[in-house]
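S.K.: Structure file my_file36.csv (CSV, C-alpha atoms) right here:
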```csv
chain,number,residue,atom,x,y,z
Z,1,MET,CA,0.0,0.0,0.0
Z,2,GLU,CA,1.3,3.4,-0.9
Z,3,ALA,CA,2.0,5.8,2.0
Z,4,LYS,CA,-0.6,8.3,0.5
Z,5,GLU,CA,-3.3,5.6,0.6
Z,6,ALA,CA,-2.4,4.6,4.1
Z,7,SER,CA,-2.7,8.3,5.2
Z,8,ALA,CA,-6.1,8.5,3.5
Z,9,VAL,CA,-7.3,5.3,5.2
Z,10,ARG,CA,-6.1,6.6,8.5
Z,11,LYS,CA,-7.9,9.9,8.0
Z,12,ALA,CA,-11.2,8.2,6.9
Z,13,TRP,CA,-11.0,5.6,9.8
Z,14,GLY,CA,-10.6,8.2,12.6
Z,15,ASP,CA,-10.6,7.1,16.2
Z,16,LYS,CA,-12.7,4.0,15.8
Z,17,PRO,CA,-11.4,0.8,17.3
Z,18,CYS,CA,-9.8,-1.8,15.0
Z,19,ALA,CA,-8.7,-5.4,15.4
Z,20,HIS,CA,-6.0,-5.0,12.7
Z,21,PRO,CA,-7.0,-8.0,10.6
Z,22,TRP,CA,-4.9,-7.3,7.5
Z,23,TRP,CA,-1.3,-6.0,7.4
Z,24,VAL,CA,0.5,-5.1,4.1
Z,25,GLU,CA,3.8,-3.6,3.3
Z,26,GLU,CA,4.0,0.2,3.0
Z,27,THR,CA,5.7,1.7,0.0
Z,28,MET,CA,6.5,5.2,-1.1
Z,29,ASN,CA,6.7,5.7,-4.9
Z,30,GLY,CA,7.2,1.9,-5.2
Z,31,THR,CA,10.0,1.7,-2.7
Z,32,ASP,CA,9.7,-0.3,0.5
Z,33,THR,CA,9.6,1.9,3.6
Z,34,GLY,CA,10.3,-0.9,6.1
Z,35,LYS,CA,6.8,-0.6,7.6
Z,36,VAL,CA,3.6,-2.6,7.5
Z,37,VAL,CA,0.2,-0.9,7.5
Z,38,CYS,CA,-3.2,-2.2,8.6
Z,39,LYS,CA,-5.5,-2.2,5.6
Z,40,THR,CA,-8.5,-1.5,7.7
Z,41,CYS,CA,-7.5,1.5,9.8
Z,42,GLY,CA,-4.2,2.6,8.2
Z,43,ARG,CA,-2.1,2.2,11.4
Z,44,ALA,CA,1.6,1.7,10.6
Z,45,ARG,CA,4.3,-0.2,12.5
Z,46,ARG,CA,7.9,-1.3,11.8
Z,47,LYS,CA,8.2,-4.8,10.3
Z,48,GLY,CA,10.1,-6.2,13.3
Z,49,GLU,CA,7.7,-4.9,15.9
Z,50,PRO,CA,5.0,-7.1,17.4
Z,51,GLU,CA,1.5,-6.5,16.4
Z,52,PRO,CA,-0.3,-3.9,18.6
Z,53,ALA,CA,-3.3,-5.0,20.7
Z,54,PRO,CA,-6.7,-4.2,19.1
Z,55,ALA,CA,-7.5,-0.5,19.8
Z,56,LYS,CA,-10.4,0.2,22.1
Z,57,GLY,CA,-11.1,3.7,20.9
Z,58,LYS,CA,-10.5,7.0,22.7
Z,59,THR,CA,-12.6,8.4,25.5
Z,60,ALA,CA,-13.3,12.1,25.9
Z,61,LYS,CA,-12.1,12.2,29.5
Z,62,PRO,CA,-10.5,9.7,31.9
Z,63,ALA,CA,-12.7,7.4,34.0
Z,64,PRO,CA,-13.2,8.4,37.6
Z,65,PRO,CA,-11.4,6.3,40.2
Z,66,ALA,CA,-13.1,3.2,41.4
Z,67,GLN,CA,-15.2,3.4,44.5
Z,68,PRO,CA,-15.0,0.7,47.2
Z,69,VAL,CA,-18.0,-1.5,47.3
Z,70,LYS,CA,-20.3,-1.0,50.3
Z,71,GLN,CA,-22.2,-4.3,50.4
Z,72,GLN,CA,-23.0,-6.7,53.2
Z,73,VAL,CA,-23.3,-10.4,52.5
Z,74,LYS,CA,-26.2,-12.1,54.4
Z,75,GLU,CA,-26.7,-15.7,54.8
Z,76,LEU,CA,-29.1,-17.1,52.2
Z,77,ASP,CA,-32.0,-19.4,53.0
Z,78,PRO,CA,-31.7,-22.4,50.6
Z,79,ALA,CA,-35.5,-22.8,50.7
Z,80,ALA,CA,-35.9,-19.3,49.3
Z,81,VAL,CA,-33.5,-19.7,46.4
Z,82,THR,CA,-34.9,-20.8,43.1
Z,83,VAL,CA,-32.5,-22.2,40.5
Z,84,VAL,CA,-33.6,-22.2,36.9
Z,85,GLN,CA,-31.5,-24.2,34.4
Z,86,ARG,CA,-31.9,-24.2,30.7
Z,87,GLY,CA,-30.2,-26.2,28.1
Z,88,LYS,CA,-29.1,-23.3,26.0
Z,89,ASP,CA,-28.5,-19.9,27.7
Z,90,PRO,CA,-29.4,-17.2,25.1
Z,91,VAL,CA,-27.1,-14.6,26.7
Z,92,ALA,CA,-24.1,-17.0,26.6
Z,93,ARG,CA,-24.9,-17.8,23.0
Z,94,ALA,CA,-25.3,-14.1,22.0
Z,95,ALA,CA,-21.9,-12.9,23.2
Z,96,PRO,CA,-19.8,-14.7,20.5
Z,97,LEU,CA,-22.3,-13.8,17.9
Z,98,ASN,CA,-22.2,-10.1,18.9
Z,99,GLN,CA,-18.4,-10.2,18.6
Z,100,LYS,CA,-18.7,-11.7,15.1
Z,101,VAL,CA,-21.2,-8.9,14.1
Z,102,GLN,CA,-18.8,-6.3,15.5
Z,103,ASP,CA,-15.9,-7.8,13.5
Z,104,LEU,CA,-18.0,-7.8,10.3
Z,105,GLU,CA,-19.0,-4.2,10.9
Z,106,SER,CA,-15.3,-3.3,11.4
Z,107,ALA,CA,-14.4,-5.0,8.1
Z,108,VAL,CA,-17.3,-3.2,6.3
Z,109,ASP,CA,-16.2,0.2,7.7
Z,110,GLY,CA,-12.6,-0.5,6.6
Z,111,ILE,CA,-13.7,-1.4,3.1
Z,112,THR,CA,-16.0,1.6,2.9
Z,113,ALA,CA,-13.0,3.8,4.0
Z,114,MET,CA,-10.8,2.3,1.3
Z,115,LEU,CA,-13.4,2.8,-1.4
Z,116,GLY,CA,-14.0,6.4,-0.3
Z,117,ALA,CA,-10.2,7.0,-0.5
Z,118,ASP,CA,-10.0,5.7,-4.1
Z,119,PHE,CA,-8.0,2.7,-2.7
Z,120,ALA,CA,-6.5,0.5,-5.5
Z,121,PHE,CA,-7.5,-3.1,-5.1
Z,122,THR,CA,-5.6,-5.9,-6.8
Z,123,THR,CA,-7.6,-8.5,-8.8
Z,124,GLN,CA,-7.0,-11.1,-6.0
Z,125,GLU,CA,-8.4,-8.6,-3.4
Z,126,GLU,CA,-11.4,-7.9,-5.5
Z,127,ALA,CA,-12.0,-11.7,-5.8
Z,128,ASN,CA,-11.7,-12.0,-2.0
Z,129,LEU,CA,-14.1,-9.2,-1.4
Z,130,ALA,CA,-16.7,-10.7,-3.8
Z,131,SER,CA,-16.3,-14.1,-2.1
Z,132,GLY,CA,-16.8,-12.5,1.3
Z,133,ALA,CA,-19.9,-10.6,0.1
Z,134,ASP,CA,-21.3,-13.9,-1.2
Z,135,LYS,CA,-20.7,-15.6,2.1
Z,136,LEU,CA,-22.3,-12.7,4.0
Z,137,ARG,CA,-25.3,-12.8,1.6
Z,138,ASP,CA,-25.7,-16.6,2.1
Z,139,ALA,CA,-25.4,-16.3,5.9
Z,140,LEU,CA,-28.0,-13.5,6.0
Z,141,GLY,CA,-30.4,-15.6,3.9
Z,142,ARG,CA,-30.0,-18.6,6.2
Z,143,TRP,CA,-30.6,-16.4,9.3
Z,144,ARG,CA,-33.7,-14.9,7.7
Z,145,GLU,CA,-35.0,-18.4,6.9
Z,146,ARG,CA,-34.5,-19.5,10.6
Z,147,LYS,CA,-36.4,-16.4,11.8
Z,148,ARG,CA,-39.3,-17.2,9.4
Z,149,LYS,CA,-39.4,-20.8,10.7
Z,150,LYS,CA,-39.4,-19.7,14.3
Z,151,LYS,CA,-42.3,-17.3,13.6
Z,152,ARG,CA,-44.3,-20.1,12.0
Z,153,SER,CA,-43.8,-22.7,14.7
Z,154,PRO,CA,-46.0,-22.3,17.9
```
Output the file's structure in the form of structure tokens.
M.R.:
Amino acid sequence: MEAKEASAVRKAWGDKPCAHPWWVEETMNGTDTGKVVCKTCGRARRKGEPEPAPAKGKTAKPAPPAQPVKQQVKELDPAAVTVVQRGKDPVARAAPLNQKVQDLESAVDGITAMLGADFAFTTQEEANLASGADKLRDALGRWRERKRKKKRSP
């Protein structure tokens, strides 16, 4: 990726968090600069440096210091406690799915930023994008079909 393209991607991405899924070599006028750049957010690092942790985004002000917990623990009456067990906890199942949705949204934002910055895709990258779009379309269709079946069943 050219340094100008990386700068445009960085500018378009802003302060949003990024998992840095794709790293490519940075060049300037066709000459290697010794850096690699995240194709999603435009963040650069030297080739020998370890990958940075995924960014969490910036906050407007620092968080206030933690306050001590003022809570008393009382003994519980086992007869008063009700335990409900279910085979599939929907909250536990939703967490990994929510992370996948966030990852997909991050990828879509990165692609949108690249397209807005007149990013030059190679033929292989265009094929990968088309394949990814087909997979997303298929997954969305399967999800909609499951939703329809759930509505029909009592």
S.K.: When you draw a straight line from CA of Arg142 (chain Z) to CA of Glu125 (chain Z), how long is it in Å?
M.R.: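 Straight-line distance from CA of Arg142 (chain Z) to CA of Glu125 (chain Z) works out to 25.7 Å.
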S.K.: Tell me, as an MDAnalysis selection string, which residues lie within 9 Å of Pro21 (chain Z), counting only C-alpha atoms; anything in the same chain fewer than 5 positions away does not count.
M.R.: chainID Z and resid 38:40 107
S.K.: Which is closer to Lys16 (chain Z) than all the others in Z:Ala113, Z:Cys41, Z:Val101, Z:Val108, using all atoms listed in the file?
M.R.: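 Once distances to Lys16 (chain Z) are computed over all atoms listed in the file, the minimum belongs to Z:Cys41.
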S.K.: Excluding Val37 (chain Z) and residues on its chain fewer than 3 positions from it, collect all residues at most 8 Å away from it, counting only C-alpha atoms, and give them as an MDAnalysis selection string.
M.R.: chainID Z and resid 1 6 23:26 42:45
S.K.: Rank nothing, just name the residue among Z:Ser7, Z:Ser131, Z:Thr123, Z:Gln72 nearest to Met28 (chain Z), using only C-alpha atoms.
M.R.: Z:Ser7
S.K.: Distance cut-off 12 Å, centre (-17.8, -8.7, 0.0) in file coordinates, counting only C-alpha atoms: which residues qualify? Return them as a list of chain:residue names.
M.R.: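 Nearby residues: Z:Leu104, Z:Glu105, Z:Ala107, Z:Val108, Z:Asp109, Z:Gly110, Z:Ile111, Z:Thr112, Z:Glu125, Z:Glu126, Z:Ala127, Z:Asn128, Z:Leu129, Z:Ala130, Z:Ser131, Z:Gly132, Z:Ala133, Z:Asp134, Z:Lys135, Z:Leu136, Z:Arg137, Z:Asp138.
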S.K.: For Thr33 (chain Z), work out the shell of residues within 10 Å, counting only C-alpha atoms and skipping chain neighbours fewer than 6 positions away, then give it as a PDB file with C-alpha atoms, in the coordinates of the input.
M.R.:
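Output below, filename around-v2.pdb:
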```pdb
ATOM      1  CA  GLU Z   2       1.300   3.400  -0.900  1.00  0.00           C
ATOM      2  CA  ALA Z   3       2.000   5.800   2.000  1.00  0.00           C
ATOM      3  CA  GLU Z  25       3.800  -3.600   3.300  1.00  0.00           C
ATOM      4  CA  GLU Z  26       4.000   0.200   3.000  1.00  0.00           C
ATOM      5  CA  THR Z  27       5.700   1.700   0.000  1.00  0.00           C
ATOM      6  CA  ARG Z  46       7.900  -1.300  11.800  1.00  0.00           C
ATOM      7  CA  LYS Z  47       8.200  -4.800  10.300  1.00  0.00           C
TER       8      LYS Z  47
END
```
S.K.: Rounded to one decimal, what separation in Å do you get between CA of Gln99 (chain Z) and CA of Ala19 (chain Z)?
M.R.: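 Answer for the CA of Gln99 (chain Z) to CA of Ala19 (chain Z) separation: 11.3 Å.
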S.K.: One decimal, Å: what's the distance from CA of Val9 (chain Z) over to CA of Gln124 (chain Z), could you say?
M.R.: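 Taking CA of Val9 (chain Z) as the start and CA of Gln124 (chain Z) as the end point, the length is 19.9 Å.
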